[in-house]
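Visitor: Below you will find the structure I want to go over with you.
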Amino acid sequence: MSESSTDTVPPGGVDYLAEESAPRFRELKRKHRGFVFPMSIAFLVWYFAYVLLSSFAPEFMAQRGSGDITVGLVLGLGQFVTTFGITMWYVWYANHRLDPISAEIREDLERQEASA
């Protein structure tokens with residue numbers, strides 16, 4: 001049988017499979033997953049806690065805090081605040097931790113492609 005097309009570098013191209021196994025790329029994936037997975041789990045726990053409380057503890061969710069403001073309303077609005085907070089935190093994290101590594105990888109790949 002002939003060699004698979006995924007095992008060879010295209011003429012004048014970059015070996016992206018080799019780059020994927022490079023230490024810098026693995027570090028980038030590790031840092032990305034190290035933020036995304038725990039944050040996703042934390043948010044899902046928070047979200048399902050809200051859903052379960054609204055389903056199985058309506059008396060608790062109906063408790064009034066101030067005027068017509070209930071615990072359920074505060075927790076529901078907290079879902080939106082949490083979403084925006086996580087988004088802003090991820091943007092900061094990506095700008096400071098992920099983007100410098102990805103810029104190095106991109107520059108290296110562009111140099112390899114230009115020299116080929």
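Lettering and numbering for the structure tokens are positional, with chains as A, B, ... in the shown order, residues counted from 1 in each chain, and ligands counted from 1 in the shown order.
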Show me, as a list in words, the residues that have an atom within 12 Å of A:Leu75 when counting only C-alpha atoms, minus same-chain residues fewer than 5 positions from it.
Guide: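 The residues satisfying every condition are Trp46, Tyr47, Phe48, Ala49, Tyr50, Val51, Leu53, Ser54, Phe60, Met61, Ala62, Gln63, Gly65, Ile69, Thr70, Phe80, Val81 and Thr82 of chain A.
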Visitor: Only all heavy atoms, please: the residues just picked out, written as a compact mmCIF listing (two decimals), in the first residue's frame.
Guide:
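Saved the output as out03.txt:
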# COMPACT_ATOMS: atom_id res chain seq x y z
N TRP A 46 -23.53 25.47 39.15
CA TRP A 46 -24.27 26.66 39.58
C TRP A 46 -25.61 26.74 38.84
O TRP A 46 -26.65 27.00 39.43
CB TRP A 46 -23.39 27.87 39.33
CG TRP A 46 -24.00 29.23 39.24
CD1 TRP A 46 -23.77 30.14 38.27
CD2 TRP A 46 -24.88 29.88 40.16
NE1 TRP A 46 -24.47 31.29 38.51
CE2 TRP A 46 -25.16 31.16 39.68
CE3 TRP A 46 -25.49 29.48 41.34
CZ2 TRP A 46 -26.01 32.05 40.32
CZ3 TRP A 46 -26.34 30.38 41.99
CH2 TRP A 46 -26.58 31.65 41.48
N TYR A 47 -25.60 26.47 37.55
CA TYR A 47 -26.83 26.52 36.75
C TYR A 47 -27.82 25.45 37.20
O TYR A 47 -29.00 25.74 37.42
CB TYR A 47 -26.51 26.34 35.26
CG TYR A 47 -27.74 26.20 34.41
CD1 TYR A 47 -28.54 27.30 34.12
CD2 TYR A 47 -28.13 24.95 33.93
CE1 TYR A 47 -29.69 27.16 33.35
CE2 TYR A 47 -29.28 24.81 33.16
CZ TYR A 47 -30.05 25.92 32.88
OH TYR A 47 -31.19 25.78 32.13
N PHE A 48 -27.36 24.20 37.34
CA PHE A 48 -28.27 23.14 37.75
C PHE A 48 -28.74 23.31 39.19
O PHE A 48 -29.86 22.92 39.52
CB PHE A 48 -27.65 21.76 37.51
CG PHE A 48 -27.64 21.37 36.08
CD1 PHE A 48 -26.44 21.14 35.41
CD2 PHE A 48 -28.82 21.25 35.36
CE1 PHE A 48 -26.44 20.79 34.07
CE2 PHE A 48 -28.83 20.90 34.02
CZ PHE A 48 -27.63 20.67 33.37
N ALA A 49 -27.93 23.90 40.03
CA ALA A 49 -28.39 24.22 41.39
C ALA A 49 -29.57 25.18 41.33
O ALA A 49 -30.57 25.01 42.04
CB ALA A 49 -27.25 24.80 42.22
N TYR A 50 -29.47 26.18 40.47
CA TYR A 50 -30.57 27.13 40.30
C TYR A 50 -31.83 26.44 39.78
O TYR A 50 -32.92 26.65 40.29
CB TYR A 50 -30.14 28.26 39.36
CG TYR A 50 -31.25 29.21 39.03
CD1 TYR A 50 -31.70 30.13 39.95
CD2 TYR A 50 -31.88 29.17 37.78
CE1 TYR A 50 -32.73 31.00 39.66
CE2 TYR A 50 -32.91 30.03 37.47
CZ TYR A 50 -33.33 30.95 38.41
OH TYR A 50 -34.36 31.80 38.12
N VAL A 51 -31.67 25.60 38.76
CA VAL A 51 -32.81 24.89 38.18
C VAL A 51 -33.44 23.96 39.22
O VAL A 51 -34.67 23.91 39.37
CB VAL A 51 -32.38 24.09 36.92
CG1 VAL A 51 -33.48 23.17 36.45
CG2 VAL A 51 -31.97 25.04 35.81
N LEU A 53 -33.22 24.18 42.52
CA LEU A 53 -33.87 24.97 43.57
C LEU A 53 -35.22 25.50 43.09
O LEU A 53 -36.20 25.49 43.85
CB LEU A 53 -32.98 26.14 43.99
CG LEU A 53 -31.82 25.81 44.90
CD1 LEU A 53 -30.90 27.01 45.05
CD2 LEU A 53 -32.33 25.35 46.26
N SER A 54 -35.28 25.96 41.85
CA SER A 54 -36.55 26.49 41.36
C SER A 54 -37.60 25.40 41.20
O SER A 54 -38.80 25.66 41.33
CB SER A 54 -36.35 27.23 40.03
OG SER A 54 -35.95 26.34 39.03
N PHE A 60 -38.31 28.41 49.16
CA PHE A 60 -37.04 29.13 49.36
C PHE A 60 -36.86 30.20 48.28
O PHE A 60 -36.49 31.34 48.58
CB PHE A 60 -35.87 28.14 49.32
CG PHE A 60 -34.53 28.80 49.29
CD1 PHE A 60 -34.02 29.43 50.43
CD2 PHE A 60 -33.77 28.82 48.13
CE1 PHE A 60 -32.79 30.06 50.41
CE2 PHE A 60 -32.53 29.45 48.09
CZ PHE A 60 -32.03 30.07 49.23
N MET A 61 -37.14 29.85 47.04
CA MET A 61 -36.95 30.79 45.93
C MET A 61 -37.95 31.95 46.01
O MET A 61 -37.68 33.03 45.50
CB MET A 61 -37.10 30.06 44.59
CG MET A 61 -36.06 29.00 44.35
SD MET A 61 -34.41 29.64 44.14
CE MET A 61 -34.38 29.86 42.38
N ALA A 62 -39.10 31.73 46.66
CA ALA A 62 -40.12 32.77 46.76
C ALA A 62 -39.92 33.71 47.94
O ALA A 62 -40.66 34.68 48.09
CB ALA A 62 -41.50 32.13 46.84
N GLN A 63 -38.93 33.44 48.78
CA GLN A 63 -38.68 34.31 49.94
C GLN A 63 -38.34 35.71 49.45
O GLN A 63 -37.52 35.90 48.55
CB GLN A 63 -37.54 33.77 50.79
CG GLN A 63 -37.87 32.53 51.55
CD GLN A 63 -36.69 32.06 52.40
OE1 GLN A 63 -35.63 32.67 52.42
NE2 GLN A 63 -36.88 30.94 53.07
N GLY A 65 -36.74 39.35 49.69
CA GLY A 65 -35.59 40.01 50.31
C GLY A 65 -35.90 41.46 50.60
O GLY A 65 -35.78 41.94 51.72
N ILE A 69 -38.48 41.79 45.43
CA ILE A 69 -37.26 41.08 45.05
C ILE A 69 -37.19 39.77 45.83
O ILE A 69 -37.14 39.77 47.05
CB ILE A 69 -36.00 41.93 45.36
CG1 ILE A 69 -36.09 43.32 44.75
CG2 ILE A 69 -34.75 41.19 44.89
CD1 ILE A 69 -36.06 43.35 43.25
N THR A 70 -37.20 38.66 45.10
CA THR A 70 -37.15 37.35 45.74
C THR A 70 -35.77 36.73 45.57
O THR A 70 -34.96 37.16 44.76
CB THR A 70 -38.20 36.40 45.12
OG1 THR A 70 -37.87 36.20 43.76
CG2 THR A 70 -39.61 36.96 45.26
N PHE A 80 -26.90 35.59 34.89
CA PHE A 80 -26.41 36.50 33.85
C PHE A 80 -25.09 37.15 34.27
O PHE A 80 -24.16 37.24 33.47
CB PHE A 80 -27.46 37.59 33.56
CG PHE A 80 -28.66 37.08 32.85
CD1 PHE A 80 -29.82 36.82 33.55
CD2 PHE A 80 -28.64 36.84 31.49
CE1 PHE A 80 -30.94 36.34 32.90
CE2 PHE A 80 -29.74 36.35 30.82
CZ PHE A 80 -30.91 36.10 31.54
N VAL A 81 -25.03 37.58 35.52
CA VAL A 81 -23.80 38.21 36.01
C VAL A 81 -22.64 37.22 35.94
O VAL A 81 -21.53 37.57 35.52
CB VAL A 81 -24.01 38.72 37.46
CG1 VAL A 81 -22.70 39.19 38.06
CG2 VAL A 81 -25.05 39.83 37.48
N THR A 82 -22.90 35.98 36.33
CA THR A 82 -21.86 34.95 36.28
C THR A 82 -21.40 34.71 34.85
O THR A 82 -20.19 34.59 34.60
CB THR A 82 -22.39 33.63 36.87
OG1 THR A 82 -22.85 33.87 38.20
CG2 THR A 82 -21.32 32.57 36.92
Visitor: Interatomic distance between atom CA of A:Tyr90 and atom CA of A:His32?
Guide: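 One can read the atom CA of A:Tyr90 to atom CA of A:His32 distance as 9.6 Å.
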Visitor: Quick one: pick out all strand (DSSP E) residues within chain A from a backbone DSSP run and write them as number ranges by chain.
Guide: A: 64-66, 69-70
Visitor: What is the distance between atom CA of A:Gly67 and atom CA of A:Leu52, in Å to one decimal?
Guide: 24.4 Å
Visitor: What gap, in Å, lies between atom CA of A:Leu44 and atom CA of A:Leu77?
Guide: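 According to the coordinates, atom CA of A:Leu44 and atom CA of A:Leu77 are separated by 15.5 Å.
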Visitor: If we count only C-alpha atoms and set the cut-off at 12 Å, which residues sit around A:Pro100, ignoring sequence neighbours fewer than 6 positions away in its own chain? Please answer as a ChimeraX atom specification.
Guide: /A:24-25,27-28,31,93-94,106-107
Visitor: Pull the helix (DSSP H, G or I) assignments for chain A out of DSSP run on the backbone, and list those residues as a PyMOL selection string.
Guide: chain A and resi 5-7+16-20+23-56+58-61+71-115
Visitor: Between A:Ile105, A:Ala114, A:Ile86, A:Ala42, single out the one closest to A:Tyr16, counting only C-alpha atoms.
Guide: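 Using only C-alpha atoms, the shortest distance to A:Tyr16 belongs to A:Ile105.
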Visitor: Between A:Ala116, A:Val71, A:Ala57, A:Val91, single out the one closest to A:Phe35, counting only C-alpha atoms.
Guide: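 Of the candidates, the smallest distance to A:Phe35 is held by A:Val91.
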Visitor: Using only C-alpha atoms, pick whichever of A:Arg33, A:Glu19, A:Thr83, A:Ser115 has the shortest atom-to-atom distance to A:Leu98.
Guide: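 Closest candidate: A:Arg33.
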Visitor: With distances taken over only C-alpha atoms, which of A:Met39, A:Ala22, A:Ala103, A:Val14 is nearest to A:Gly85?
Guide: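 Nearest candidate to A:Gly85 out of A:Met39, A:Ala22, A:Ala103, A:Val14: A:Met39.
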